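See below for the structure under consideration.
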Amino acid sequence: MTITHINRCPFCGSDELDIEAAIALREVAIVCPKCRCTGPISGSAKDAVEVWNRAGQSMRDLIATIDLHTDCMTNQIDRGALDPWIEKCEKAL
């Protein structure tokens, strides 16, 4: 099995991540030792990485939406600019 890329932690940005496994339980998750963020439990390392990478992207999209919403509330951006981001985040959740 080859894992080509694990995204940085969506919370603290660390790229020093661990793949932790409970072999007897067939549970594998990506864990950030810096902030202790733990990804969803999966059945294999490959699946754990794929879920981690998707979840991280969703988190970055959500943070971008919050930033845009803040700009909108302070009249720095048009409310219509938020709609595509909101739809994308709703689909991700």
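Each chain in the structure tokens gets a letter, A, B, ..., in the order shown, and its residues are numbered from 1; ligands are numbered from 1 in order too.
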
- Message: Need the shell around range 20-24 of chain A: protein/DNA/RNA residues with any atom at most 12 Å away, counting only C-alpha atoms. Skip same-chain ones fewer than 6 positions apart. Format as a PyMOL selection string?
- Response: chain A and resi 30-33+36+38-46+48-49
